[in-house]
$ cat coords_1.pdb   # PDB, C-alpha atoms and all ligand atoms
ATOM      1  CA  MET A  15       0.000   0.000   0.000
ATOM      2  CA  ARG A  16       2.729   2.423  -1.056
ATOM      3  CA  LEU A  17       0.199   4.969  -2.347
ATOM      4  CA  GLU A  18      -2.385   4.786   0.415
ATOM      5  CA  ASN A  19      -4.406   8.018   0.731
ATOM      6  CA  LYS A  20      -2.870   9.438  -2.463
ATOM      7  CA  VAL A  21      -4.910  10.859  -5.321
ATOM      8  CA  ALA A  22      -3.411  10.554  -8.801
ATOM      9  CA  ILE A  23      -4.186  11.656 -12.321
ATOM     10  CA  ILE A  24      -2.911   9.400 -15.095
ATOM     11  CA  THR A  25      -3.135  10.889 -18.589
ATOM     12  CA  GLY A  26      -3.273   8.374 -21.395
ATOM     13  CA  GLY A  27      -4.734   6.123 -18.700
ATOM     14  CA  ALA A  28      -7.021   4.307 -21.128
ATOM     15  CA  SER A  29      -4.308   2.218 -22.796
ATOM     16  CA  GLY A  30      -0.828   0.713 -22.614
ATOM     17  CA  ILE A  31       1.530   2.091 -19.976
ATOM     18  CA  GLY A  32      -1.153   4.407 -18.545
ATOM     19  CA  ARG A  33      -3.718   1.630 -18.163
ATOM     20  CA  ALA A  34      -1.200  -0.686 -16.466
ATOM     21  CA  THR A  35      -0.271   2.170 -14.114
ATOM     22  CA  VAL A  36      -3.915   2.784 -13.188
ATOM     23  CA  HIS A  37      -4.172  -0.860 -12.087
ATOM     24  CA  LYS A  38      -0.890  -0.763 -10.173
ATOM     25  CA  PHE A  39      -1.721   2.531  -8.411
ATOM     26  CA  VAL A  40      -5.119   1.263  -7.293
ATOM     27  CA  ARG A  41      -3.556  -1.934  -5.922
ATOM     28  CA  GLU A  42      -1.102   0.279  -3.998
ATOM     29  CA  GLY A  43      -4.000   2.138  -2.363
ATOM     30  CA  ALA A  44      -4.369   5.226  -4.596
ATOM     31  CA  ARG A  45      -7.507   6.743  -6.037
ATOM     32  CA  VAL A  46      -7.030   7.544  -9.702
ATOM     33  CA  LEU A  47      -8.558   9.789 -12.336
ATOM     34  CA  VAL A  48      -8.175   7.927 -15.631
ATOM     35  CA  ALA A  49      -7.805  10.830 -18.054
ATOM     36  CA  ASP A  50      -7.728  10.220 -21.786
ATOM     37  CA  ILE A  51      -8.965  11.639 -25.068
ATOM     38  CA  ASN A  52     -10.731   8.286 -25.541
ATOM     39  CA  LEU A  53     -13.478   8.455 -22.889
ATOM     40  CA  GLU A  54     -15.034   5.114 -23.826
ATOM     41  CA  GLN A  55     -11.720   3.304 -23.276
ATOM     42  CA  ALA A  56     -11.099   5.238 -20.044
ATOM     43  CA  GLU A  57     -14.505   4.110 -18.777
ATOM     44  CA  LYS A  58     -13.588   0.509 -19.644
ATOM     45  CA  VAL A  59     -10.460   0.808 -17.497
ATOM     46  CA  VAL A  60     -12.582   2.124 -14.615
ATOM     47  CA  ALA A  61     -14.890  -0.885 -15.076
ATOM     48  CA  GLU A  62     -11.835  -3.203 -14.955
ATOM     49  CA  VAL A  63     -10.768  -1.580 -11.678
ATOM     50  CA  THR A  64     -14.262  -2.100 -10.252
ATOM     51  CA  ALA A  65     -14.295  -5.730 -11.441
ATOM     52  CA  ALA A  66     -10.938  -6.261  -9.719
ATOM     53  CA  GLY A  67     -12.593  -5.344  -6.395
ATOM     54  CA  PHE A  68     -11.615  -1.676  -6.095
ATOM     55  CA  GLU A  69     -14.991  -0.006  -6.536
ATOM     56  CA  GLY A  70     -14.796   3.795  -6.299
ATOM     57  CA  ALA A  71     -11.002   3.853  -6.578
ATOM     58  CA  ALA A  72     -11.042   5.121 -10.174
ATOM     59  CA  ALA A  73     -13.050   7.600 -12.217
ATOM     60  CA  ALA A  74     -12.836   8.522 -15.890
ATOM     61  CA  ALA A  75     -12.398  11.950 -17.473
ATOM     62  CA  GLN A  76     -12.108  13.006 -21.081
ATOM     63  CA  VAL A  77      -9.218  15.332 -21.805
ATOM     64  CA  ASP A  78      -7.249  16.505 -24.790
ATOM     65  CA  VAL A  79      -3.929  17.336 -23.176
ATOM     66  CA  SER A  80      -3.064  19.734 -25.998
ATOM     67  CA  SER A  81      -5.620  22.176 -24.514
ATOM     68  CA  TYR A  82      -4.604  23.934 -21.286
ATOM     69  CA  ALA A  83      -8.247  24.697 -20.483
ATOM     70  CA  GLU A  84      -9.088  20.983 -20.656
ATOM     71  CA  VAL A  85      -6.094  20.018 -18.525
ATOM     72  CA  GLU A  86      -7.074  22.617 -15.924
ATOM     73  CA  ALA A  87     -10.600  21.173 -15.908
ATOM     74  CA  MET A  88      -9.121  17.672 -15.504
ATOM     75  CA  VAL A  89      -7.223  18.746 -12.372
ATOM     76  CA  ALA A  90     -10.379  20.423 -11.007
ATOM     77  CA  ARG A  91     -12.292  17.190 -11.667
ATOM     78  CA  ALA A  92      -9.793  15.088  -9.679
ATOM     79  CA  VAL A  93     -10.091  17.508  -6.771
ATOM     80  CA  GLU A  94     -13.893  17.462  -7.004
ATOM     81  CA  VAL A  95     -14.152  13.660  -7.121
ATOM     82  CA  PHE A  96     -11.344  12.672  -4.746
ATOM     83  CA  GLY A  97     -10.796  15.807  -2.618
ATOM     84  CA  GLY A  98      -7.266  16.772  -3.691
ATOM     85  CA  LEU A  99      -4.275  15.794  -5.812
ATOM     86  CA  ASP A 100      -0.956  14.194  -4.890
ATOM     87  CA  VAL A 101       0.452  12.732  -8.107
ATOM     88  CA  ILE A 102       0.187  13.533 -11.806
ATOM     89  CA  PHE A 103       1.541  11.084 -14.387
ATOM     90  CA  ASN A 104       1.813  13.086 -17.625
ATOM     91  CA  ASN A 105       1.892  10.089 -19.921
ATOM     92  CA  ALA A 106      -0.517  10.671 -22.826
ATOM     93  CA  GLY A 107       1.240  10.657 -26.155
ATOM     94  CA  ILE A 108       1.306   9.767 -29.801
ATOM     95  CA  ALA A 109       4.198   8.353 -31.852
ATOM     96  CA  GLY A 110       5.227   7.948 -35.469
ATOM     97  CA  GLY A 111       6.801  10.141 -38.088
ATOM     98  CA  LYS A 112       8.183  10.613 -41.565
ATOM     99  CA  PRO A 113      11.659  11.388 -42.915
ATOM    100  CA  LEU A 114      12.351  15.067 -42.261
ATOM    101  CA  LEU A 115      12.378  16.195 -45.878
ATOM    102  CA  GLU A 116       8.949  14.667 -46.460
ATOM    103  CA  HIS A 117       7.393  16.688 -43.611
ATOM    104  CA  ASP A 118       4.298  18.802 -43.919
ATOM    105  CA  PRO A 119       4.884  20.908 -40.785
ATOM    106  CA  GLU A 120       1.173  21.082 -39.940
ATOM    107  CA  VAL A 121       0.814  17.292 -40.120
ATOM    108  CA  ASP A 122       4.183  15.847 -39.128
ATOM    109  CA  TYR A 123       5.438  18.371 -36.577
ATOM    110  CA  ALA A 124       2.712  20.516 -34.995
ATOM    111  CA  PRO A 125       0.382  17.764 -33.636
ATOM    112  CA  MET A 126       3.292  15.883 -32.047
ATOM    113  CA  ILE A 127       4.517  19.034 -30.322
ATOM    114  CA  ARG A 128       0.995  19.956 -29.181
ATOM    115  CA  ILE A 129       0.317  16.566 -27.618
ATOM    116  CA  ASP A 130       3.665  15.068 -26.536
ATOM    117  CA  GLN A 131       5.321  18.354 -25.536
ATOM    118  CA  ASP A 132       2.637  20.973 -24.758
ATOM    119  CA  GLY A 133       0.479  18.284 -23.121
ATOM    120  CA  VAL A 134       3.165  17.624 -20.511
ATOM    121  CA  TYR A 135       3.733  21.350 -19.963
ATOM    122  CA  HIS A 136      -0.007  21.813 -19.391
ATOM    123  CA  GLY A 137      -0.071  18.969 -16.858
ATOM    124  CA  ILE A 138       2.909  20.371 -14.962
ATOM    125  CA  LEU A 139       1.392  23.863 -14.869
ATOM    126  CA  ALA A 140      -2.126  22.897 -13.814
ATOM    127  CA  ALA A 141      -1.019  20.310 -11.246
ATOM    128  CA  GLY A 142       1.773  22.614 -10.003
ATOM    129  CA  ARG A 143      -0.763  25.328  -9.234
ATOM    130  CA  GLN A 144      -2.959  22.823  -7.426
ATOM    131  CA  PHE A 145       0.003  21.505  -5.399
ATOM    132  CA  ARG A 146       0.999  25.062  -4.434
ATOM    133  CA  ASP A 147      -2.546  25.934  -3.332
ATOM    134  CA  GLN A 148      -2.995  22.709  -1.340
ATOM    135  CA  GLY A 149       0.323  23.074   0.513
ATOM    136  CA  ARG A 150       0.966  19.350   0.966
ATOM    137  CA  GLY A 151       3.586  18.706  -1.733
ATOM    138  CA  GLY A 152       3.124  16.568  -4.801
ATOM    139  CA  VAL A 153       4.807  14.366  -7.393
ATOM    140  CA  ILE A 154       5.019  14.910 -11.142
ATOM    141  CA  ILE A 155       6.087  12.007 -13.350
ATOM    142  CA  ASN A 156       6.517  12.650 -17.060
ATOM    143  CA  THR A 157       6.821  10.062 -19.814
ATOM    144  CA  SER A 158       9.717  10.854 -22.114
ATOM    145  CA  SER A 159      11.393   8.159 -24.254
ATOM    146  CA  ILE A 160      14.790   6.775 -25.176
ATOM    147  CA  TYR A 161      14.297   8.975 -28.260
ATOM    148  CA  GLY A 162      14.292  12.044 -26.010
ATOM    149  CA  GLU A 163      18.041  11.455 -25.656
ATOM    150  CA  GLN A 164      18.985  10.353 -29.153
ATOM    151  CA  ALA A 165      18.100  10.827 -32.801
ATOM    152  CA  ALA A 166      16.259   7.947 -34.446
ATOM    153  CA  GLU A 167      14.647   6.934 -37.713
ATOM    154  CA  LEU A 168      11.274   8.624 -38.397
ATOM    155  CA  ALA A 169      11.378  10.411 -35.051
ATOM    156  CA  PHE A 170      12.357  14.020 -35.748
ATOM    157  CA  SER A 171       9.337  15.626 -34.066
ATOM    158  CA  TYR A 172       8.879  12.870 -31.474
ATOM    159  CA  SER A 173      12.503  13.199 -30.310
ATOM    160  CA  ALA A 174      12.129  16.970 -30.010
ATOM    161  CA  ALA A 175       8.995  16.666 -27.897
ATOM    162  CA  LYS A 176      10.462  13.937 -25.683
ATOM    163  CA  ALA A 177      13.680  15.956 -25.162
ATOM    164  CA  ALA A 178      11.558  18.907 -24.059
ATOM    165  CA  VAL A 179       9.839  16.617 -21.543
ATOM    166  CA  ILE A 180      13.214  15.928 -19.906
ATOM    167  CA  SER A 181      14.005  19.647 -19.778
ATOM    168  CA  PHE A 182      10.542  20.424 -18.341
ATOM    169  CA  THR A 183      11.170  17.838 -15.636
ATOM    170  CA  ARG A 184      14.409  19.427 -14.456
ATOM    171  CA  SER A 185      12.946  22.932 -14.510
ATOM    172  CA  ALA A 186       9.740  21.870 -12.759
ATOM    173  CA  ALA A 187      11.746  20.175 -10.007
ATOM    174  CA  TYR A 188      13.759  23.370  -9.625
ATOM    175  CA  GLU A 189      10.808  25.775  -9.659
ATOM    176  CA  LEU A 190       8.422  23.730  -7.529
ATOM    177  CA  ALA A 191      10.839  22.458  -4.870
ATOM    178  CA  GLU A 192       9.738  25.249  -2.534
ATOM    179  CA  TYR A 193       6.242  23.718  -2.544
ATOM    180  CA  GLY A 194       7.539  20.238  -1.701
ATOM    181  CA  VAL A 195       6.966  18.991  -5.234
ATOM    182  CA  ARG A 196       9.209  16.436  -6.951
ATOM    183  CA  ALA A 197       9.417  15.840 -10.707
ATOM    184  CA  VAL A 198      10.859  12.789 -12.472
ATOM    185  CA  ALA A 199      10.987  11.756 -16.126
ATOM    186  CA  ILE A 200      10.965   8.157 -17.291
ATOM    187  CA  THR A 201      12.395   6.981 -20.609
ATOM    188  CA  PRO A 202      10.768   3.720 -21.685
ATOM    189  CA  GLY A 203      12.501   1.667 -24.374
ATOM    190  CA  ARG A 204      10.244  -0.581 -26.412
ATOM    191  CA  VAL A 205       7.072  -1.481 -24.567
ATOM    192  CA  GLY A 206       4.413  -3.860 -25.914
ATOM    193  CA  THR A 207       1.492  -1.409 -26.257
ATOM    194  CA  PRO A 208      -0.747  -0.302 -29.154
ATOM    195  CA  ILE A 209       1.827   2.390 -30.081
ATOM    196  CA  ILE A 210       4.355  -0.366 -30.871
ATOM    197  CA  ASN A 211       1.816  -2.870 -32.138
ATOM    198  CA  GLN A 212       1.051  -0.571 -35.087
ATOM    199  CA  PHE A 213       4.457  -1.559 -36.557
ATOM    200  CA  SER A 214       5.249  -4.720 -38.575
ATOM    201  CA  GLU A 215       6.160  -7.982 -36.855
ATOM    202  CA  GLU A 216       9.651  -7.690 -38.349
ATOM    203  CA  LEU A 217      10.219  -4.237 -36.846
ATOM    204  CA  ARG A 218       8.827  -5.383 -33.511
ATOM    205  CA  GLN A 219      11.357  -8.257 -33.550
ATOM    206  CA  THR A 220      14.170  -5.775 -34.237
ATOM    207  CA  PHE A 221      12.976  -3.549 -31.386
ATOM    208  CA  ALA A 222      12.889  -6.525 -29.035
ATOM    209  CA  SER A 223      16.347  -7.735 -30.062
ATOM    210  CA  GLU A 224      17.863  -4.336 -29.198
ATOM    211  CA  GLN A 225      16.934  -4.662 -25.521
ATOM    212  CA  MET A 226      18.978  -6.558 -22.933
ATOM    213  CA  ARG A 227      16.462  -9.383 -22.513
ATOM    214  CA  GLY A 228      15.663  -9.628 -26.226
ATOM    215  CA  ALA A 229      11.978  -8.930 -25.612
ATOM    216  CA  LEU A 230       9.582  -6.012 -25.573
ATOM    217  CA  THR A 231       8.994  -4.620 -22.075
ATOM    218  CA  GLU A 232       5.574  -5.306 -20.540
ATOM    219  CA  PRO A 233       3.572  -2.160 -19.638
ATOM    220  CA  GLU A 234       3.191  -3.590 -16.114
ATOM    221  CA  GLU A 235       6.984  -3.464 -15.690
ATOM    222  CA  ILE A 236       6.948   0.280 -16.365
ATOM    223  CA  ALA A 237       3.951   0.715 -14.033
ATOM    224  CA  ASN A 238       5.895  -0.900 -11.166
ATOM    225  CA  VAL A 239       8.622   1.730 -11.480
ATOM    226  CA  VAL A 240       6.137   4.600 -11.771
ATOM    227  CA  ALA A 241       4.395   3.464  -8.566
ATOM    228  CA  PHE A 242       7.727   3.445  -6.749
ATOM    229  CA  LEU A 243       8.660   6.897  -8.101
ATOM    230  CA  ALA A 244       5.270   8.264  -7.030
ATOM    231  CA  SER A 245       5.687   6.935  -3.507
ATOM    232  CA  ASP A 246       7.436   8.530  -0.539
ATOM    233  CA  GLU A 247      10.095   5.796  -0.823
ATOM    234  CA  ALA A 248      11.476   7.722  -3.825
ATOM    235  CA  ASN A 249      11.759  11.071  -2.018
ATOM    236  CA  VAL A 250      15.389  11.616  -3.057
ATOM    237  CA  ILE A 251      14.748  11.031  -6.774
ATOM    238  CA  ASN A 252      14.080  14.497  -8.122
ATOM    239  CA  GLY A 253      14.662  16.490 -11.311
ATOM    240  CA  THR A 254      16.193  13.535 -13.087
ATOM    241  CA  VAL A 255      15.604  10.837 -15.685
ATOM    242  CA  VAL A 256      14.934   7.227 -14.762
ATOM    243  CA  HIS A 257      15.764   4.942 -17.689
ATOM    244  CA  VAL A 258      13.226   2.152 -17.877
ATOM    245  CA  ASP A 259      14.618   0.762 -21.125
ATOM    246  CA  ASP A 260      15.998  -2.694 -20.314
ATOM    247  CA  GLY A 261      19.546  -1.488 -20.941
ATOM    248  CA  TYR A 262      18.883   0.014 -24.373
ATOM    249  CA  SER A 263      20.523   3.379 -23.663
ATOM    250  CA  SER A 264      23.587   1.819 -22.004
ATOM    251  CA  PHE A 265      24.974  -0.462 -24.719
ATOM    252  CA  LYS A 266      25.044  -1.308 -28.377
ATOM    253  CA  LYS A 267      24.229  -4.962 -28.974
ATOM    254  CA  ARG A 268      26.667  -6.886 -31.161
ATOM    255  CA  LEU A 269      25.171  -7.819 -34.531
ATOM    256  CA  GLU A 270      25.023 -11.579 -35.156
TER     257      GLU A 270
HETATM  258  P1  LIG A 301      -0.886   3.850 -26.035
HETATM  259  O1  LIG A 301      -1.238   4.275 -27.410
HETATM  260  O2  LIG A 301      -1.269   2.497 -25.564
HETATM  261  O3  LIG A 301      -1.439   4.924 -24.981
HETATM  262  C1  LIG A 301      -1.445   6.306 -25.251
HETATM  263  C2  LIG A 301      -2.744   6.882 -24.706
HETATM  264  O4  LIG A 301      -2.691   8.308 -24.852
HETATM  265  C3  LIG A 301      -3.985   6.395 -25.453
HETATM  266  O5  LIG A 301      -4.963   5.916 -24.553
HETATM  267  C4  LIG A 301      -4.475   7.641 -26.184
HETATM  268  O6  LIG A 301      -5.892   7.698 -26.356
HETATM  269  C5  LIG A 301      -3.980   8.744 -25.263
HETATM  270  N1  LIG A 301      -3.875  10.031 -25.949
HETATM  271  C6  LIG A 301      -3.382  10.286 -27.193
HETATM  272  N2  LIG A 301      -3.505  11.585 -27.483
HETATM  273  C7  LIG A 301      -4.089  12.178 -26.417
HETATM  274  C8  LIG A 301      -4.486  13.523 -26.126
HETATM  275  N3  LIG A 301      -4.305  14.502 -27.006
HETATM  276  N4  LIG A 301      -5.034  13.771 -24.923
HETATM  277  C9  LIG A 301      -5.236  12.780 -24.023
HETATM  278  N5  LIG A 301      -4.911  11.491 -24.250
HETATM  279  C10 LIG A 301      -4.338  11.211 -25.439
HETATM  280  O7  LIG A 301       0.706   4.003 -25.953
HETATM  281  P2  LIG A 301       1.765   3.789 -24.751
HETATM  282  O8  LIG A 301       2.879   3.031 -25.334
HETATM  283  O9  LIG A 301       1.121   3.322 -23.512
HETATM  284  O10 LIG A 301       2.281   5.296 -24.599
HETATM  285  C11 LIG A 301       2.246   6.012 -23.376
HETATM  286  C12 LIG A 301       3.414   6.983 -23.382
HETATM  287  O11 LIG A 301       4.628   6.246 -23.405
HETATM  288  C13 LIG A 301       3.468   7.927 -24.590
HETATM  289  O12 LIG A 301       3.841   9.218 -24.154
HETATM  290  C14 LIG A 301       4.579   7.321 -25.440
HETATM  291  O13 LIG A 301       5.210   8.278 -26.261
HETATM  292  C15 LIG A 301       5.497   6.800 -24.372
HETATM  293  N6  LIG A 301       6.455   5.789 -24.797
HETATM  294  C16 LIG A 301       6.022   4.577 -25.242
HETATM  295  C17 LIG A 301       6.966   3.635 -25.640
HETATM  296  C18 LIG A 301       6.559   2.273 -26.144
HETATM  297  O14 LIG A 301       7.441   1.534 -26.594
HETATM  298  N7  LIG A 301       5.291   1.881 -26.087
HETATM  299  C19 LIG A 301       8.333   3.933 -25.581
HETATM  300  C20 LIG A 301       8.723   5.184 -25.107
HETATM  301  C21 LIG A 301       7.780   6.104 -24.713
END
$ encode --input "coords_1.pdb" --output "structure tokens"
Amino acid sequence: MRLENKVAIITGGASGIGRATVHKFVREGARVLVADINLEQAEKVVAEVTAAGFEGAAAAAQVDVSSYAEVEAMVARAVEVFGGLDVIFNNAGIAGGKPLLEHDPEVDYAPMIRIDQDGVYHGILAAGRQFRDQGRGGVIINTSSIYGEQAAELAFSYSAAKAAVISFTRSAAYELAEYGVRAVAITPGRVGTPIINQFSEELRQTFASEQMRGALTEPEEIANVVAFLASDEANVINGTVVHVDDGYSSFKKRLE
């Protein structure tokens, strides 16, 4: 019960890493607002939580994180339903891309920046204001990516947004420390979620082979780390990046 009495918002909570984290947080004693652009899926996750025996521990909210007004309303909703806010997991995101010289800026750059970058900024700002006003601290966890620290194929805009997420995390930790708020970024490697499942089997095999265990990471394995980072046990982890990439960023595997 690491998260007993904590209230959390998980954006992108309807699927993949977010969904697995909703389940983990609830099992650790938290109450969770499952916030996603896909309300129907978010409601399904709430129903799963209820079916698992945690009735009332989760509620759904529709949000487009690219809108600050909607993110502000999402924070207000968590406070209204659960009486406060202790943790925000800014995790909603989209992936994909084209070679740079084939870009249409309005299609291949702007939406990625609005969702993966601005969405995290909006979450930090709205939750930060709530944490300040409550006066009982708070934790911000932001989903970056291994691509936030390196260039990669078809990832020009994605890498830019995910690099900004790391920078936001450091600055948020710095600016909000006086309110007892911590901020941490995670950089998943290749996790078996719908974002990855959109790619061919061959590419998925390549992704898996580049990780230490030769397999895609399970979303539940990321959720375990997020729950730890959100808990008071992680009080000295602040303003930094936690690599949850099965070794990917630390070595180059030898080609067979
Ligand atoms: P996913 O597609 O399963 O989940 C993403 C969720 O975000 C979906 O439920 C989607 O509806 C929601 N979403 C998309 N746009 C939104 C918006 N504008 N407002 C609110 N919600 C929105 O994918 P996932 O793999 O669980 O991805 C979660 C995060 O992890 C993303 O930020 C992604 O970039 C990051 N990530 C994933 C991997 C991976 O290998 N799967 C690796 C590194 C980083």
$ residues_around --input "coords_1.pdb" --residues "Val153 of chain A" --least-positions-apart "4" --cutoff "10 Å" --atoms "all atoms listed in the file" --output "PDB file with C-alpha atoms, in the coordinates of the input"
ATOM      1  CA  ALA A  22      -3.411  10.554  -8.801  1.00  0.00           C
ATOM      2  CA  LEU A  99      -4.275  15.794  -5.812  1.00  0.00           C
ATOM      3  CA  ASP A 100      -0.956  14.194  -4.890  1.00  0.00           C
ATOM      4  CA  VAL A 101       0.452  12.732  -8.107  1.00  0.00           C
ATOM      5  CA  ILE A 102       0.187  13.533 -11.806  1.00  0.00           C
ATOM      6  CA  PHE A 103       1.541  11.084 -14.387  1.00  0.00           C
ATOM      7  CA  ILE A 138       2.909  20.371 -14.962  1.00  0.00           C
ATOM      8  CA  ALA A 141      -1.019  20.310 -11.246  1.00  0.00           C
ATOM      9  CA  GLY A 142       1.773  22.614 -10.003  1.00  0.00           C
ATOM     10  CA  PHE A 145       0.003  21.505  -5.399  1.00  0.00           C
ATOM     11  CA  ALA A 187      11.746  20.175 -10.007  1.00  0.00           C
ATOM     12  CA  GLY A 194       7.539  20.238  -1.701  1.00  0.00           C
ATOM     13  CA  VAL A 195       6.966  18.991  -5.234  1.00  0.00           C
ATOM     14  CA  ARG A 196       9.209  16.436  -6.951  1.00  0.00           C
ATOM     15  CA  ALA A 197       9.417  15.840 -10.707  1.00  0.00           C
ATOM     16  CA  VAL A 198      10.859  12.789 -12.472  1.00  0.00           C
ATOM     17  CA  LEU A 243       8.660   6.897  -8.101  1.00  0.00           C
ATOM     18  CA  ALA A 244       5.270   8.264  -7.030  1.00  0.00           C
ATOM     19  CA  SER A 245       5.687   6.935  -3.507  1.00  0.00           C
ATOM     20  CA  ASP A 246       7.436   8.530  -0.539  1.00  0.00           C
ATOM     21  CA  ASN A 249      11.759  11.071  -2.018  1.00  0.00           C
ATOM     22  CA  ASN A 252      14.080  14.497  -8.122  1.00  0.00           C
TER      23      ASN A 252
END
$ resolve_selection --input "coords_1.pdb" --expression "the PyMOL selection byres (((chain A and resi 35) around 10) and not hetatm)" --output "list in words"
Ile24, Gly27, Ala28, Ser29, Gly30, Ile31, Gly32, Arg33, Ala34, Val36, His37, Lys38, Phe39, Val40, Arg41, Val46, Val48, Phe103, Pro233, Glu234, Glu235, Ile236, Ala237, Asn238, Val239, Val240 and Ala241 of chain A
$ write_last_selection --input "coords_1.pdb" --atoms "C-alpha atoms" --output "short mmCIF file (atom, residue, chain, number, x, y, z; two decimals), keeping the file's coordinate frame"
data_model
loop_
_atom_site.label_atom_id
_atom_site.label_comp_id
_atom_site.auth_asym_id
_atom_site.auth_seq_id
_atom_site.Cartn_x
_atom_site.Cartn_y
_atom_site.Cartn_z
CA ILE A 24 -2.91 9.40 -15.10
CA GLY A 27 -4.73 6.12 -18.70
CA ALA A 28 -7.02 4.31 -21.13
CA SER A 29 -4.31 2.22 -22.80
CA GLY A 30 -0.83 0.71 -22.61
CA ILE A 31 1.53 2.09 -19.98
CA GLY A 32 -1.15 4.41 -18.55
CA ARG A 33 -3.72 1.63 -18.16
CA ALA A 34 -1.20 -0.69 -16.47
CA VAL A 36 -3.92 2.78 -13.19
CA HIS A 37 -4.17 -0.86 -12.09
CA LYS A 38 -0.89 -0.76 -10.17
CA PHE A 39 -1.72 2.53 -8.41
CA VAL A 40 -5.12 1.26 -7.29
CA ARG A 41 -3.56 -1.93 -5.92
CA VAL A 46 -7.03 7.54 -9.70
CA VAL A 48 -8.18 7.93 -15.63
CA PHE A 103 1.54 11.08 -14.39
CA PRO A 233 3.57 -2.16 -19.64
CA GLU A 234 3.19 -3.59 -16.11
CA GLU A 235 6.98 -3.46 -15.69
CA ILE A 236 6.95 0.28 -16.36
CA ALA A 237 3.95 0.72 -14.03
CA ASN A 238 5.90 -0.90 -11.17
CA VAL A 239 8.62 1.73 -11.48
CA VAL A 240 6.14 4.60 -11.77
CA ALA A 241 4.39 3.46 -8.57
#
$ residues_around --input "coords_1.pdb" --residues "Val21 of chain A" --least-positions-apart "2" --cutoff "10 Å" --atoms "all atoms listed in the file" --output "PDB file with C-alpha atoms, in the frame of the given file"
ATOM      1  CA  LEU A  17       0.199   4.969  -2.347  1.00  0.00           C
ATOM      2  CA  GLU A  18      -2.385   4.786   0.415  1.00  0.00           C
ATOM      3  CA  ASN A  19      -4.406   8.018   0.731  1.00  0.00           C
ATOM      4  CA  ILE A  23      -4.186  11.656 -12.321  1.00  0.00           C
ATOM      5  CA  PHE A  39      -1.721   2.531  -8.411  1.00  0.00           C
ATOM      6  CA  VAL A  40      -5.119   1.263  -7.293  1.00  0.00           C
ATOM      7  CA  GLY A  43      -4.000   2.138  -2.363  1.00  0.00           C
ATOM      8  CA  ALA A  44      -4.369   5.226  -4.596  1.00  0.00           C
ATOM      9  CA  ARG A  45      -7.507   6.743  -6.037  1.00  0.00           C
ATOM     10  CA  VAL A  46      -7.030   7.544  -9.702  1.00  0.00           C
ATOM     11  CA  LEU A  47      -8.558   9.789 -12.336  1.00  0.00           C
ATOM     12  CA  ALA A  71     -11.002   3.853  -6.578  1.00  0.00           C
ATOM     13  CA  ALA A  72     -11.042   5.121 -10.174  1.00  0.00           C
ATOM     14  CA  ALA A  92      -9.793  15.088  -9.679  1.00  0.00           C
ATOM     15  CA  VAL A  93     -10.091  17.508  -6.771  1.00  0.00           C
ATOM     16  CA  VAL A  95     -14.152  13.660  -7.121  1.00  0.00           C
ATOM     17  CA  PHE A  96     -11.344  12.672  -4.746  1.00  0.00           C
ATOM     18  CA  GLY A  97     -10.796  15.807  -2.618  1.00  0.00           C
ATOM     19  CA  GLY A  98      -7.266  16.772  -3.691  1.00  0.00           C
ATOM     20  CA  LEU A  99      -4.275  15.794  -5.812  1.00  0.00           C
ATOM     21  CA  ASP A 100      -0.956  14.194  -4.890  1.00  0.00           C
ATOM     22  CA  VAL A 101       0.452  12.732  -8.107  1.00  0.00           C
ATOM     23  CA  ILE A 102       0.187  13.533 -11.806  1.00  0.00           C
ATOM     24  CA  GLY A 152       3.124  16.568  -4.801  1.00  0.00           C
TER      25      GLY A 152
END
$ residues_near_ligand --input "coords_1.pdb" --ligand "ligand LIG 301 (chain A)" --cutoff "6 Å" --atoms "all atoms listed in the file" --output "PyMOL selection string"
chain A and resi 25-32+50-52+77-80+105-109+129+157-159+202-210
$ closest_residue --input "coords_1.pdb" --among "A:Arg227, A:Lys112, A:Lys267, A:His257" --to "Tyr161 of chain A" --atoms "all atoms listed in the file"
A:His257
$ closest_residue --input "coords_1.pdb" --among "A:Ile127, A:Glu167, A:Phe213, A:Leu139" --to "Ser185 of chain A" --atoms "only C-alpha atoms"
A:Leu139
$ residues_around --input "coords_1.pdb" --residues "Ser263 of chain A" --least-positions-apart "2" --cutoff "10 Å" --atoms "all atoms listed in the file" --output "JSON, numbers by chain"
{"A": [160, 161, 163, 164, 201, 202, 203, 224, 225, 257, 258, 259, 260, 261, 265, 266]}
$ closest_residue --input "coords_1.pdb" --among "A:Thr254, A:Gln212, A:Thr64, A:Ser171" --to "Val121 of chain A" --atoms "all atoms listed in the file"
A:Ser171
$ closest_residue --input "coords_1.pdb" --among "A:Ser214, A:Gln131, A:Ser181, A:Ser264" --to "Met226 of chain A" --atoms "only C-alpha atoms"
A:Ser264
$ atom_distance --input "coords_1.pdb" --atom1 "atom CA of Lys176 of chain A" --atom2 "atom CA of Gly162 of chain A"
4.3 Å
$ atom_distance --input "coords_1.pdb" --atom1 "atom CA of Val60 of chain A" --atom2 "atom CA of Leu230 of chain A"
26.0 Å
$ atom_distance --input "coords_1.pdb" --atom1 "atom CA of Tyr82 of chain A" --atom2 "atom CA of Arg128 of chain A"
10.5 Å
$ closest_residue --input "coords_1.pdb" --among "A:Gln144, A:Pro125, A:Asp132, A:Glu42" --to "Ala90 of chain A" --atoms "only C-alpha atoms"
A:Gln144
$ closest_residue --input "coords_1.pdb" --among "A:Pro119, A:Gly137, A:Gly67, A:Gly110" --to "Ala49 of chain A" --atoms "only C-alpha atoms"
A:Gly137
